[in-house]
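Undergrad: Contents of coords35.txt (compact mmCIF, N, CA and C atoms):
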# COMPACT_ATOMS: atom_id res chain seq x y z
N HIS K 1 0.84 -1.18 0.00
CA HIS K 1 0.00 0.00 0.00
C HIS K 1 0.89 1.24 0.00
N THR K 2 0.68 2.08 -0.98
CA THR K 2 1.45 3.32 -1.08
C THR K 2 0.58 4.46 -0.56
N PRO K 3 1.02 5.15 0.48
CA PRO K 3 0.20 6.23 1.03
C PRO K 3 0.18 7.44 0.10
N THR K 4 -0.86 8.23 0.24
CA THR K 4 -0.97 9.46 -0.56
C THR K 4 0.00 10.50 -0.02
N LYS K 5 0.37 11.42 -0.88
CA LYS K 5 1.24 12.53 -0.47
C LYS K 5 0.44 13.50 0.39
N GLU K 6 1.12 14.17 1.29
CA GLU K 6 0.42 15.13 2.15
C GLU K 6 -0.17 16.27 1.32
N GLU K 7 0.58 16.70 0.32
CA GLU K 7 0.10 17.76 -0.55
C GLU K 7 -0.02 17.21 -1.96
N PHE K 8 -1.22 17.30 -2.54
CA PHE K 8 -1.46 16.76 -3.87
C PHE K 8 -0.55 17.46 -4.88
N PRO K 9 0.18 16.69 -5.70
CA PRO K 9 1.12 17.31 -6.66
C PRO K 9 0.40 17.85 -7.90
N TYR K 10 -0.23 19.01 -7.76
CA TYR K 10 -0.95 19.62 -8.87
C TYR K 10 0.01 20.02 -9.99
N SER K 11 -0.49 19.92 -11.20
CA SER K 11 0.26 20.42 -12.34
C SER K 11 -0.73 20.75 -13.45
N THR K 12 -0.30 21.57 -14.37
CA THR K 12 -1.15 21.90 -15.51
C THR K 12 -1.43 20.66 -16.34
N ARG K 13 -0.42 19.82 -16.51
CA ARG K 13 -0.59 18.58 -17.27
C ARG K 13 -1.69 17.72 -16.66
N HIS K 14 -1.65 17.58 -15.35
CA HIS K 14 -2.66 16.77 -14.68
C HIS K 14 -4.04 17.40 -14.83
N SER K 15 -4.14 18.70 -14.69
CA SER K 15 -5.42 19.39 -14.82
C SER K 15 -6.02 19.20 -16.21
N VAL K 16 -5.18 19.26 -17.24
CA VAL K 16 -5.67 19.05 -18.61
C VAL K 16 -6.16 17.61 -18.78
N LYS K 17 -5.41 16.65 -18.24
CA LYS K 17 -5.84 15.24 -18.32
C LYS K 17 -7.16 15.04 -17.61
N VAL K 18 -7.33 15.64 -16.45
CA VAL K 18 -8.58 15.52 -15.70
C VAL K 18 -9.73 16.11 -16.51
N MET K 19 -9.51 17.26 -17.13
CA MET K 19 -10.55 17.88 -17.93
C MET K 19 -10.94 16.98 -19.11
N VAL K 20 -9.96 16.49 -19.85
CA VAL K 20 -10.24 15.64 -21.01
C VAL K 20 -10.93 14.35 -20.59
N LEU K 21 -10.44 13.71 -19.52
CA LEU K 21 -11.06 12.47 -19.05
C LEU K 21 -12.47 12.72 -18.53
N GLY K 22 -12.70 13.85 -17.90
CA GLY K 22 -14.05 14.18 -17.46
C GLY K 22 -15.02 14.29 -18.63
N TRP K 23 -14.58 14.97 -19.68
CA TRP K 23 -15.41 15.08 -20.88
C TRP K 23 -15.61 13.73 -21.55
N LEU K 24 -14.56 12.90 -21.57
CA LEU K 24 -14.70 11.56 -22.15
C LEU K 24 -15.67 10.72 -21.32
N GLY K 25 -15.76 10.97 -20.03
CA GLY K 25 -16.72 10.27 -19.20
C GLY K 25 -18.15 10.72 -19.43
N ILE K 26 -18.32 11.96 -19.81
CA ILE K 26 -19.67 12.52 -20.02
C ILE K 26 -20.16 12.28 -21.45
N PHE K 27 -19.27 12.32 -22.42
CA PHE K 27 -19.68 12.28 -23.82
C PHE K 27 -20.49 11.04 -24.24
N PRO K 28 -20.18 9.82 -23.76
CA PRO K 28 -21.03 8.70 -24.18
C PRO K 28 -22.50 8.91 -23.83
N MET K 29 -22.76 9.53 -22.68
CA MET K 29 -24.15 9.78 -22.30
C MET K 29 -24.76 10.91 -23.15
N ILE K 30 -23.96 11.89 -23.51
CA ILE K 30 -24.45 12.96 -24.39
C ILE K 30 -24.81 12.38 -25.76
N ILE K 31 -23.93 11.52 -26.28
CA ILE K 31 -24.19 10.90 -27.57
C ILE K 31 -25.45 10.03 -27.50
N PHE K 32 -25.58 9.26 -26.42
CA PHE K 32 -26.77 8.43 -26.28
C PHE K 32 -28.03 9.28 -26.20
N ALA K 33 -27.99 10.37 -25.45
CA ALA K 33 -29.16 11.24 -25.33
C ALA K 33 -29.52 11.85 -26.69
N ALA K 34 -28.52 12.25 -27.46
CA ALA K 34 -28.78 12.82 -28.79
C ALA K 34 -29.39 11.77 -29.71
N LYS K 35 -28.83 10.55 -29.68
CA LYS K 35 -29.37 9.48 -30.53
C LYS K 35 -30.77 9.07 -30.08
N TYR K 36 -30.99 9.03 -28.78
CA TYR K 36 -32.31 8.65 -28.25
C TYR K 36 -33.35 9.68 -28.63
N SER K 37 -33.00 10.95 -28.55
CA SER K 37 -33.96 12.00 -28.89
C SER K 37 -34.32 11.98 -30.38
N ASN K 38 -33.39 11.50 -31.22
CA ASN K 38 -33.66 11.39 -32.66
C ASN K 38 -34.26 10.04 -33.03
N GLY K 39 -34.35 9.13 -32.07
CA GLY K 39 -34.93 7.81 -32.33
C GLY K 39 -34.04 6.90 -33.15
N VAL K 40 -32.74 7.11 -33.11
CA VAL K 40 -31.83 6.29 -33.91
C VAL K 40 -30.88 5.47 -33.04
N HIS K 41 -31.23 5.26 -31.77
CA HIS K 41 -30.36 4.49 -30.88
C HIS K 41 -30.62 2.99 -31.06
N ASP K 42 -29.62 2.21 -30.70
CA ASP K 42 -29.76 0.75 -30.70
C ASP K 42 -30.02 0.30 -29.27
N ASP K 43 -30.64 -0.88 -29.13
CA ASP K 43 -30.98 -1.37 -27.79
C ASP K 43 -29.75 -1.58 -26.92
N PHE K 44 -28.64 -2.05 -27.51
CA PHE K 44 -27.45 -2.31 -26.71
C PHE K 44 -26.86 -1.04 -26.10
N GLU K 45 -27.22 0.12 -26.64
CA GLU K 45 -26.65 1.37 -26.13
C GLU K 45 -27.16 1.73 -24.74
N TRP K 46 -28.26 1.12 -24.31
CA TRP K 46 -28.74 1.34 -22.95
C TRP K 46 -27.73 0.84 -21.94
N VAL K 47 -26.94 -0.15 -22.32
CA VAL K 47 -25.90 -0.69 -21.44
C VAL K 47 -24.53 -0.17 -21.84
N ALA K 48 -24.26 -0.11 -23.15
CA ALA K 48 -22.93 0.24 -23.64
C ALA K 48 -22.51 1.66 -23.27
N LYS K 49 -23.38 2.61 -23.43
CA LYS K 49 -23.00 4.01 -23.18
C LYS K 49 -22.75 4.29 -21.69
N PRO K 50 -23.63 3.81 -20.78
CA PRO K 50 -23.29 4.01 -19.35
C PRO K 50 -22.01 3.28 -18.95
N LEU K 51 -21.76 2.09 -19.50
CA LEU K 51 -20.52 1.38 -19.19
C LEU K 51 -19.30 2.13 -19.71
N ALA K 52 -19.43 2.70 -20.90
CA ALA K 52 -18.33 3.50 -21.45
C ALA K 52 -18.05 4.71 -20.55
N SER K 53 -19.11 5.36 -20.10
CA SER K 53 -18.93 6.50 -19.19
C SER K 53 -18.23 6.06 -17.90
N LEU K 54 -18.67 4.95 -17.35
CA LEU K 54 -18.05 4.44 -16.12
C LEU K 54 -16.58 4.10 -16.33
N ALA K 55 -16.26 3.50 -17.49
CA ALA K 55 -14.87 3.14 -17.76
C ALA K 55 -13.98 4.38 -17.80
N TRP K 56 -14.45 5.43 -18.46
CA TRP K 56 -13.65 6.65 -18.55
C TRP K 56 -13.54 7.34 -17.20
N LEU K 57 -14.64 7.36 -16.45
CA LEU K 57 -14.58 7.98 -15.13
C LEU K 57 -13.71 7.16 -14.17
N TYR K 58 -13.71 5.84 -14.33
CA TYR K 58 -12.84 4.98 -13.53
C TYR K 58 -11.37 5.25 -13.86
N SER K 59 -11.07 5.44 -15.16
CA SER K 59 -9.69 5.75 -15.52
C SER K 59 -9.27 7.11 -14.95
N LEU K 60 -10.21 8.04 -14.86
CA LEU K 60 -9.93 9.33 -14.22
C LEU K 60 -9.62 9.13 -12.74
N TRP K 61 -10.37 8.27 -12.07
CA TRP K 61 -10.14 7.98 -10.66
C TRP K 61 -8.76 7.33 -10.47
N ILE K 62 -8.42 6.37 -11.34
CA ILE K 62 -7.11 5.71 -11.24
C ILE K 62 -5.99 6.73 -11.44
N LEU K 63 -6.14 7.59 -12.42
CA LEU K 63 -5.13 8.63 -12.66
C LEU K 63 -4.94 9.49 -11.41
N ASN K 64 -6.04 9.91 -10.81
CA ASN K 64 -5.93 10.75 -9.60
C ASN K 64 -5.28 9.99 -8.45
N MET K 65 -5.59 8.72 -8.30
CA MET K 65 -4.98 7.93 -7.23
C MET K 65 -3.47 7.78 -7.45
N GLU K 66 -3.07 7.60 -8.71
CA GLU K 66 -1.65 7.47 -9.01
C GLU K 66 -0.91 8.79 -8.77
N VAL K 67 -1.50 9.89 -9.19
CA VAL K 67 -0.85 11.19 -9.01
C VAL K 67 -0.83 11.55 -7.53
N ALA K 68 -1.89 11.22 -6.80
CA ALA K 68 -1.94 11.53 -5.36
C ALA K 68 -0.84 10.79 -4.61
N ARG K 69 -0.41 9.65 -5.14
CA ARG K 69 0.67 8.88 -4.52
C ARG K 69 2.01 9.15 -5.18
N ASP K 70 2.01 10.08 -6.13
CA ASP K 70 3.21 10.47 -6.87
C ASP K 70 3.84 9.28 -7.59
N LEU K 71 3.00 8.42 -8.13
CA LEU K 71 3.47 7.30 -8.93
C LEU K 71 3.47 7.70 -10.39
N ARG K 72 4.17 6.95 -11.19
CA ARG K 72 4.12 7.19 -12.64
C ARG K 72 2.83 6.60 -13.17
N GLU K 73 2.29 7.18 -14.25
CA GLU K 73 1.09 6.63 -14.85
C GLU K 73 1.38 5.22 -15.33
N CYS K 74 0.52 4.31 -14.99
CA CYS K 74 0.77 2.91 -15.34
C CYS K 74 0.48 2.67 -16.82
N TRP K 75 1.07 1.63 -17.34
CA TRP K 75 0.91 1.30 -18.75
C TRP K 75 -0.52 0.85 -19.04
N VAL K 76 -1.24 0.37 -18.02
CA VAL K 76 -2.62 -0.07 -18.25
C VAL K 76 -3.49 1.12 -18.70
N LEU K 77 -3.34 2.26 -18.03
CA LEU K 77 -4.09 3.44 -18.44
C LEU K 77 -3.70 3.87 -19.84
N LYS K 78 -2.41 3.92 -20.10
CA LYS K 78 -1.97 4.34 -21.44
C LYS K 78 -2.47 3.39 -22.52
N MET K 79 -2.48 2.09 -22.23
CA MET K 79 -2.98 1.12 -23.21
C MET K 79 -4.49 1.27 -23.41
N PHE K 80 -5.23 1.52 -22.32
CA PHE K 80 -6.67 1.75 -22.43
C PHE K 80 -6.94 2.98 -23.29
N TRP K 81 -6.22 4.06 -23.02
CA TRP K 81 -6.42 5.30 -23.77
C TRP K 81 -6.05 5.12 -25.24
N SER K 82 -4.91 4.48 -25.51
CA SER K 82 -4.48 4.32 -26.91
C SER K 82 -5.35 3.30 -27.64
N SER K 83 -5.79 2.23 -26.98
CA SER K 83 -6.68 1.27 -27.66
C SER K 83 -8.04 1.89 -27.94
N SER K 84 -8.46 2.83 -27.11
CA SER K 84 -9.70 3.55 -27.37
C SER K 84 -9.59 4.39 -28.64
N VAL K 85 -8.42 4.99 -28.85
CA VAL K 85 -8.20 5.75 -30.08
C VAL K 85 -8.27 4.83 -31.29
N VAL K 86 -7.65 3.67 -31.18
CA VAL K 86 -7.67 2.71 -32.29
C VAL K 86 -9.10 2.26 -32.57
N ALA K 87 -9.85 1.92 -31.53
CA ALA K 87 -11.24 1.48 -31.70
C ALA K 87 -12.10 2.59 -32.30
N ALA K 88 -11.90 3.81 -31.84
CA ALA K 88 -12.68 4.93 -32.38
C ALA K 88 -12.33 5.19 -33.84
N THR K 89 -11.07 5.00 -34.20
CA THR K 89 -10.65 5.17 -35.60
C THR K 89 -11.28 4.10 -36.47
N VAL K 90 -11.31 2.87 -35.98
CA VAL K 90 -11.93 1.77 -36.74
C VAL K 90 -13.44 2.01 -36.88
N ALA K 91 -14.07 2.57 -35.86
CA ALA K 91 -15.52 2.80 -35.88
C ALA K 91 -15.92 4.05 -36.67
N MET K 92 -14.98 4.91 -36.99
CA MET K 92 -15.32 6.17 -37.66
C MET K 92 -16.06 5.99 -38.98
N PRO K 93 -15.70 5.04 -39.86
CA PRO K 93 -16.49 4.87 -41.09
C PRO K 93 -17.96 4.53 -40.81
N THR K 94 -18.21 3.76 -39.76
CA THR K 94 -19.58 3.43 -39.39
C THR K 94 -20.34 4.68 -38.97
N VAL K 95 -19.68 5.55 -38.25
CA VAL K 95 -20.30 6.80 -37.81
C VAL K 95 -20.64 7.67 -39.02
N VAL K 96 -19.73 7.73 -39.97
CA VAL K 96 -19.98 8.53 -41.18
C VAL K 96 -21.14 7.93 -41.98
N LEU K 97 -21.17 6.61 -42.13
CA LEU K 97 -22.27 5.96 -42.85
C LEU K 97 -23.60 6.19 -42.16
N ALA K 98 -23.63 6.11 -40.83
CA ALA K 98 -24.86 6.37 -40.09
C ALA K 98 -25.30 7.81 -40.27
N ALA K 99 -24.35 8.74 -40.29
CA ALA K 99 -24.68 10.15 -40.49
C ALA K 99 -25.23 10.39 -41.89
N GLU K 100 -24.67 9.68 -42.88
CA GLU K 100 -25.19 9.83 -44.24
C GLU K 100 -26.62 9.30 -44.34
N ALA K 101 -26.92 8.24 -43.61
CA ALA K 101 -28.27 7.65 -43.65
C ALA K 101 -29.26 8.46 -42.82
N ASN K 102 -28.82 8.96 -41.65
CA ASN K 102 -29.74 9.62 -40.72
C ASN K 102 -29.59 11.13 -40.68
N GLY K 103 -28.63 11.65 -41.40
CA GLY K 103 -28.39 13.09 -41.41
C GLY K 103 -27.26 13.49 -40.47
N TYR K 104 -26.54 14.51 -40.87
CA TYR K 104 -25.43 15.02 -40.06
C TYR K 104 -26.01 15.97 -39.02
N GLY K 105 -26.35 15.43 -37.89
CA GLY K 105 -26.94 16.23 -36.82
C GLY K 105 -26.03 16.31 -35.62
N VAL K 106 -26.65 16.53 -34.48
CA VAL K 106 -25.92 16.68 -33.22
C VAL K 106 -25.11 15.43 -32.91
N THR K 107 -25.68 14.27 -33.17
CA THR K 107 -24.99 13.02 -32.86
C THR K 107 -23.67 12.90 -33.60
N PHE K 108 -23.67 13.21 -34.88
CA PHE K 108 -22.45 13.11 -35.67
C PHE K 108 -21.37 14.05 -35.13
N TYR K 109 -21.74 15.29 -34.85
CA TYR K 109 -20.76 16.25 -34.37
C TYR K 109 -20.30 15.91 -32.95
N ALA K 110 -21.17 15.32 -32.14
CA ALA K 110 -20.75 14.85 -30.81
C ALA K 110 -19.73 13.73 -30.96
N TYR K 111 -19.94 12.82 -31.91
CA TYR K 111 -18.96 11.77 -32.17
C TYR K 111 -17.62 12.35 -32.60
N ILE K 112 -17.65 13.36 -33.44
CA ILE K 112 -16.41 14.00 -33.90
C ILE K 112 -15.67 14.63 -32.72
N LEU K 113 -16.39 15.34 -31.86
CA LEU K 113 -15.76 15.93 -30.67
C LEU K 113 -15.22 14.84 -29.74
N HIS K 114 -15.98 13.77 -29.60
CA HIS K 114 -15.55 12.64 -28.78
C HIS K 114 -14.26 12.04 -29.34
N TYR K 115 -14.18 11.89 -30.64
CA TYR K 115 -12.99 11.35 -31.29
C TYR K 115 -11.77 12.27 -31.07
N ILE K 116 -12.00 13.56 -31.15
CA ILE K 116 -10.92 14.52 -30.90
C ILE K 116 -10.42 14.39 -29.46
N LEU K 117 -11.33 14.16 -28.51
CA LEU K 117 -10.92 13.96 -27.12
C LEU K 117 -10.12 12.67 -26.97
N TYR K 118 -10.50 11.62 -27.70
CA TYR K 118 -9.71 10.38 -27.69
C TYR K 118 -8.28 10.66 -28.15
N LEU K 119 -8.17 11.37 -29.26
CA LEU K 119 -6.84 11.71 -29.76
C LEU K 119 -6.06 12.55 -28.76
N ALA K 120 -6.75 13.50 -28.13
CA ALA K 120 -6.09 14.39 -27.18
C ALA K 120 -5.55 13.63 -25.98
N ILE K 121 -6.34 12.72 -25.40
CA ILE K 121 -5.87 12.03 -24.20
C ILE K 121 -4.71 11.09 -24.54
N ALA K 122 -4.75 10.46 -25.71
CA ALA K 122 -3.64 9.58 -26.09
C ALA K 122 -2.37 10.41 -26.30
N LEU K 123 -2.49 11.54 -26.96
CA LEU K 123 -1.34 12.42 -27.18
C LEU K 123 -0.79 12.93 -25.85
N ILE K 124 -1.66 13.40 -24.99
CA ILE K 124 -1.23 13.94 -23.70
C ILE K 124 -0.58 12.85 -22.85
N ALA K 125 -1.15 11.65 -22.88
CA ALA K 125 -0.63 10.57 -22.04
C ALA K 125 0.80 10.19 -22.40
N PHE K 126 1.08 10.15 -23.69
CA PHE K 126 2.42 9.74 -24.11
C PHE K 126 3.38 10.91 -24.23
N ARG K 127 2.88 12.06 -24.58
CA ARG K 127 3.75 13.22 -24.77
C ARG K 127 4.07 13.92 -23.46
N PHE K 128 3.08 13.96 -22.55
CA PHE K 128 3.25 14.67 -21.28
C PHE K 128 2.89 13.76 -20.11
N PRO K 129 3.73 12.77 -19.83
CA PRO K 129 3.43 11.88 -18.70
C PRO K 129 3.60 12.60 -17.37
N HIS K 130 3.04 12.00 -16.32
CA HIS K 130 3.20 12.55 -14.98
C HIS K 130 4.68 12.46 -14.59
N LEU K 131 5.23 13.55 -14.11
CA LEU K 131 6.63 13.56 -13.70
C LEU K 131 6.69 13.32 -12.20
N SER K 132 7.00 12.10 -11.84
CA SER K 132 7.08 11.73 -10.44
C SER K 132 8.28 12.39 -9.79
N GLN K 133 8.13 12.74 -8.52
CA GLN K 133 9.23 13.32 -7.75
C GLN K 133 10.10 12.24 -7.11
N GLN K 134 9.70 10.97 -7.29
CA GLN K 134 10.48 9.88 -6.71
C GLN K 134 11.75 9.68 -7.52
N ASP K 135 12.84 9.33 -6.81
CA ASP K 135 14.13 9.15 -7.46
C ASP K 135 14.29 7.78 -8.10
N VAL K 136 13.56 6.80 -7.59
CA VAL K 136 13.71 5.43 -8.11
C VAL K 136 12.36 4.93 -8.60
N PRO K 137 12.36 4.00 -9.56
CA PRO K 137 11.08 3.41 -9.99
C PRO K 137 10.39 2.72 -8.81
N GLU K 138 9.05 2.72 -8.83
CA GLU K 138 8.27 2.18 -7.73
C GLU K 138 8.57 0.71 -7.47
N TRP K 139 8.91 -0.05 -8.49
CA TRP K 139 9.08 -1.49 -8.35
C TRP K 139 10.54 -1.90 -8.10
N LYS K 140 11.42 -0.94 -7.93
CA LYS K 140 12.82 -1.28 -7.67
C LYS K 140 12.94 -2.05 -6.34
N GLU K 141 12.11 -1.67 -5.36
CA GLU K 141 12.10 -2.37 -4.08
C GLU K 141 11.72 -3.84 -4.26
N VAL K 142 10.73 -4.08 -5.10
CA VAL K 142 10.27 -5.45 -5.33
C VAL K 142 11.38 -6.27 -5.96
N ALA K 143 12.07 -5.70 -6.95
CA ALA K 143 13.13 -6.41 -7.62
C ALA K 143 14.29 -6.74 -6.66
N GLN K 144 14.49 -5.86 -5.69
CA GLN K 144 15.57 -6.10 -4.74
C GLN K 144 15.11 -6.93 -3.55
N GLY K 145 13.84 -7.30 -3.50
CA GLY K 145 13.31 -8.12 -2.41
C GLY K 145 13.08 -7.37 -1.13
N GLN K 146 12.98 -6.05 -1.19
CA GLN K 146 12.78 -5.25 0.02
C GLN K 146 11.33 -4.87 0.24
N HIS K 147 10.45 -5.25 -0.68
CA HIS K 147 9.04 -4.86 -0.61
C HIS K 147 8.32 -5.70 0.44
N THR K 148 7.56 -5.06 1.29
CA THR K 148 6.76 -5.78 2.27
C THR K 148 5.29 -5.54 1.97
N THR K 149 4.49 -6.57 2.15
CA THR K 149 3.07 -6.43 1.89
C THR K 149 2.27 -6.37 3.16
I need this file expressed as structure tokens, please.

TA:
Amino acid sequence: HTPTKEEFPYSTRHSVKVMVLGWLGIFPMIIFAAKYSNGVHDDFEWVAKPLASLAWLYSLWILNMEVARDLRECWVLKMFWSSSVVAATVAMPTVVLAAEANGYGVTFYAYILHYILYLAIALIAFRFPHLSQQDVPEWKEVAQGQHTT
């Protein structure tokens, strides 16, 4: 168990990540509401969109817990963020086809903004990682056999 720091290590980088992750947590529900109001939603979206929101908000919570303990961002978060970009890129032709069939309305533009947020979080995660104040990697103790549970 790694205790939290007495003073939260605020940074502009962290604040931007929190903002982007917050919007990524809200956007699936905005998209669902827009699709529902237009009557073009699928039944699976009643479960998929809230789960997507929870996943993004959970990643925001994990990020805050890591920064509060002054740990480096784990590769699991970075892989989740980057795989989301890949999945959104693969899904983009479907979004365009749906917009052509149903019209370019609020839903289409919400998807575009959502996609831009996916790109932004992946770029920020790899380009501007959390700069830990710790001198040694967190797992160096484990490798040396000094870690106690």

Undergrad: Would you mind telling me which residue in K:Ala48, K:Leu24, K:Ile62, K:Met19 lies nearest to K:Tyr118 when using only N, CA and C atoms?

TA: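 Closest candidate: K:Leu24.
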
Undergrad: Could you pull out the helix (DSSP H, G or I) residues of stretch 4-143 of chain K from DSSP and send them as number ranges by chain?

TA: K: 12-38, 45-68, 75-102, 106-127, 140-143

Undergrad: When distances are computed from all atoms listed in the file, which of K:Tyr10, K:Ser82, K:Thr107, K:Val47 shows the smallest separation from K:Ala33?

TA: K:Thr107

Undergrad: Given the point (-14.1, 13.0, -15.8) in the file's coordinates, find the residues that have an atom at most 8 Å from it, counting only N, CA and C atoms, and give them as a list in words.

TA: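 Within 8 Å of (-14.1, 13.0, -15.8), the protein and nucleic acid residues are Lys17, Val18, Met19, Val20, Leu21, Gly22, Trp23, Leu24, Gly25, Ile26, Trp56, Leu57, Tyr58, Ser59, Leu60 and Trp61 of chain K.
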
Undergrad: Quick one: distance from atom CA of K:Met29 to atom CA of K:Trp46 in Å, one decimal?

TA: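 Spanning atom CA of K:Met29 to atom CA of K:Trp46 is a straight-line distance of 9.6 Å.
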
Undergrad: How many Å lie between atom N of K:Gly105 and atom N of K:Pro28, rounded to one decimal?

TA: 16.4 Å

Undergrad: Give me, please, the distance in Å between atom CA of K:Ala125 and atom CA of K:Thr94, quoted to one decimal.

TA: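 Between atom CA of K:Ala125 and atom CA of K:Thr94 the gap works out to 26.7 Å.
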
Undergrad: Reconstruct N, CA, C and O atoms of stretch 117-131 of chain K; output as a PDB file, keeping the file's coordinate frame.

TA:
ATOM      1  N   LEU K 117     -11.330  14.160 -28.510  1.00  0.00           N
ATOM      2  CA  LEU K 117     -10.920  13.960 -27.120  1.00  0.00           C
ATOM      3  C   LEU K 117     -10.120  12.670 -26.970  1.00  0.00           C
ATOM      4  O   LEU K 117      -9.165  12.620 -26.193  1.00  0.00           O
ATOM      5  N   TYR K 118     -10.500  11.620 -27.700  1.00  0.00           N
ATOM      6  CA  TYR K 118      -9.710  10.380 -27.690  1.00  0.00           C
ATOM      7  C   TYR K 118      -8.280  10.660 -28.150  1.00  0.00           C
ATOM      8  O   TYR K 118      -7.321  10.217 -27.524  1.00  0.00           O
ATOM      9  N   LEU K 119      -8.170  11.370 -29.260  1.00  0.00           N
ATOM     10  CA  LEU K 119      -6.840  11.710 -29.760  1.00  0.00           C
ATOM     11  C   LEU K 119      -6.060  12.550 -28.760  1.00  0.00           C
ATOM     12  O   LEU K 119      -4.861  12.339 -28.544  1.00  0.00           O
ATOM     13  N   ALA K 120      -6.750  13.500 -28.130  1.00  0.00           N
ATOM     14  CA  ALA K 120      -6.090  14.390 -27.180  1.00  0.00           C
ATOM     15  C   ALA K 120      -5.550  13.630 -25.980  1.00  0.00           C
ATOM     16  O   ALA K 120      -4.404  13.850 -25.573  1.00  0.00           O
ATOM     17  N   ILE K 121      -6.340  12.720 -25.400  1.00  0.00           N
ATOM     18  CA  ILE K 121      -5.870  12.030 -24.200  1.00  0.00           C
ATOM     19  C   ILE K 121      -4.710  11.090 -24.540  1.00  0.00           C
ATOM     20  O   ILE K 121      -3.772  10.962 -23.760  1.00  0.00           O
ATOM     21  N   ALA K 122      -4.750  10.460 -25.710  1.00  0.00           N
ATOM     22  CA  ALA K 122      -3.640   9.580 -26.090  1.00  0.00           C
ATOM     23  C   ALA K 122      -2.370  10.410 -26.300  1.00  0.00           C
ATOM     24  O   ALA K 122      -1.283  10.021 -25.847  1.00  0.00           O
ATOM     25  N   LEU K 123      -2.490  11.540 -26.960  1.00  0.00           N
ATOM     26  CA  LEU K 123      -1.340  12.420 -27.180  1.00  0.00           C
ATOM     27  C   LEU K 123      -0.790  12.930 -25.850  1.00  0.00           C
ATOM     28  O   LEU K 123       0.419  12.868 -25.603  1.00  0.00           O
ATOM     29  N   ILE K 124      -1.660  13.400 -24.990  1.00  0.00           N
ATOM     30  CA  ILE K 124      -1.230  13.940 -23.700  1.00  0.00           C
ATOM     31  C   ILE K 124      -0.580  12.850 -22.850  1.00  0.00           C
ATOM     32  O   ILE K 124       0.432  13.096 -22.188  1.00  0.00           O
ATOM     33  N   ALA K 125      -1.150  11.650 -22.880  1.00  0.00           N
ATOM     34  CA  ALA K 125      -0.630  10.570 -22.040  1.00  0.00           C
ATOM     35  C   ALA K 125       0.800  10.190 -22.400  1.00  0.00           C
ATOM     36  O   ALA K 125       1.617   9.948 -21.523  1.00  0.00           O
ATOM     37  N   PHE K 126       1.080  10.150 -23.690  1.00  0.00           N
ATOM     38  CA  PHE K 126       2.420   9.740 -24.110  1.00  0.00           C
ATOM     39  C   PHE K 126       3.380  10.910 -24.230  1.00  0.00           C
ATOM     40  O   PHE K 126       4.572  10.765 -23.991  1.00  0.00           O
ATOM     41  N   ARG K 127       2.880  12.060 -24.580  1.00  0.00           N
ATOM     42  CA  ARG K 127       3.750  13.220 -24.770  1.00  0.00           C
ATOM     43  C   ARG K 127       4.070  13.920 -23.460  1.00  0.00           C
ATOM     44  O   ARG K 127       5.149  14.437 -23.252  1.00  0.00           O
ATOM     45  N   PHE K 128       3.080  13.960 -22.550  1.00  0.00           N
ATOM     46  CA  PHE K 128       3.250  14.670 -21.280  1.00  0.00           C
ATOM     47  C   PHE K 128       2.890  13.760 -20.110  1.00  0.00           C
ATOM     48  O   PHE K 128       1.886  13.972 -19.441  1.00  0.00           O
ATOM     49  N   PRO K 129       3.730  12.770 -19.830  1.00  0.00           N
ATOM     50  CA  PRO K 129       3.430  11.880 -18.700  1.00  0.00           C
ATOM     51  C   PRO K 129       3.600  12.600 -17.370  1.00  0.00           C
ATOM     52  O   PRO K 129       4.234  13.654 -17.294  1.00  0.00           O
ATOM     53  N   HIS K 130       3.040  12.000 -16.320  1.00  0.00           N
ATOM     54  CA  HIS K 130       3.200  12.550 -14.980  1.00  0.00           C
ATOM     55  C   HIS K 130       4.680  12.460 -14.590  1.00  0.00           C
ATOM     56  O   HIS K 130       5.304  11.425 -14.752  1.00  0.00           O
ATOM     57  N   LEU K 131       5.230  13.550 -14.110  1.00  0.00           N
ATOM     58  CA  LEU K 131       6.630  13.560 -13.700  1.00  0.00           C
ATOM     59  C   LEU K 131       6.690  13.320 -12.200  1.00  0.00           C
ATOM     60  O   LEU K 131       6.419  14.207 -11.396  1.00  0.00           O
TER      61      LEU K 131
END
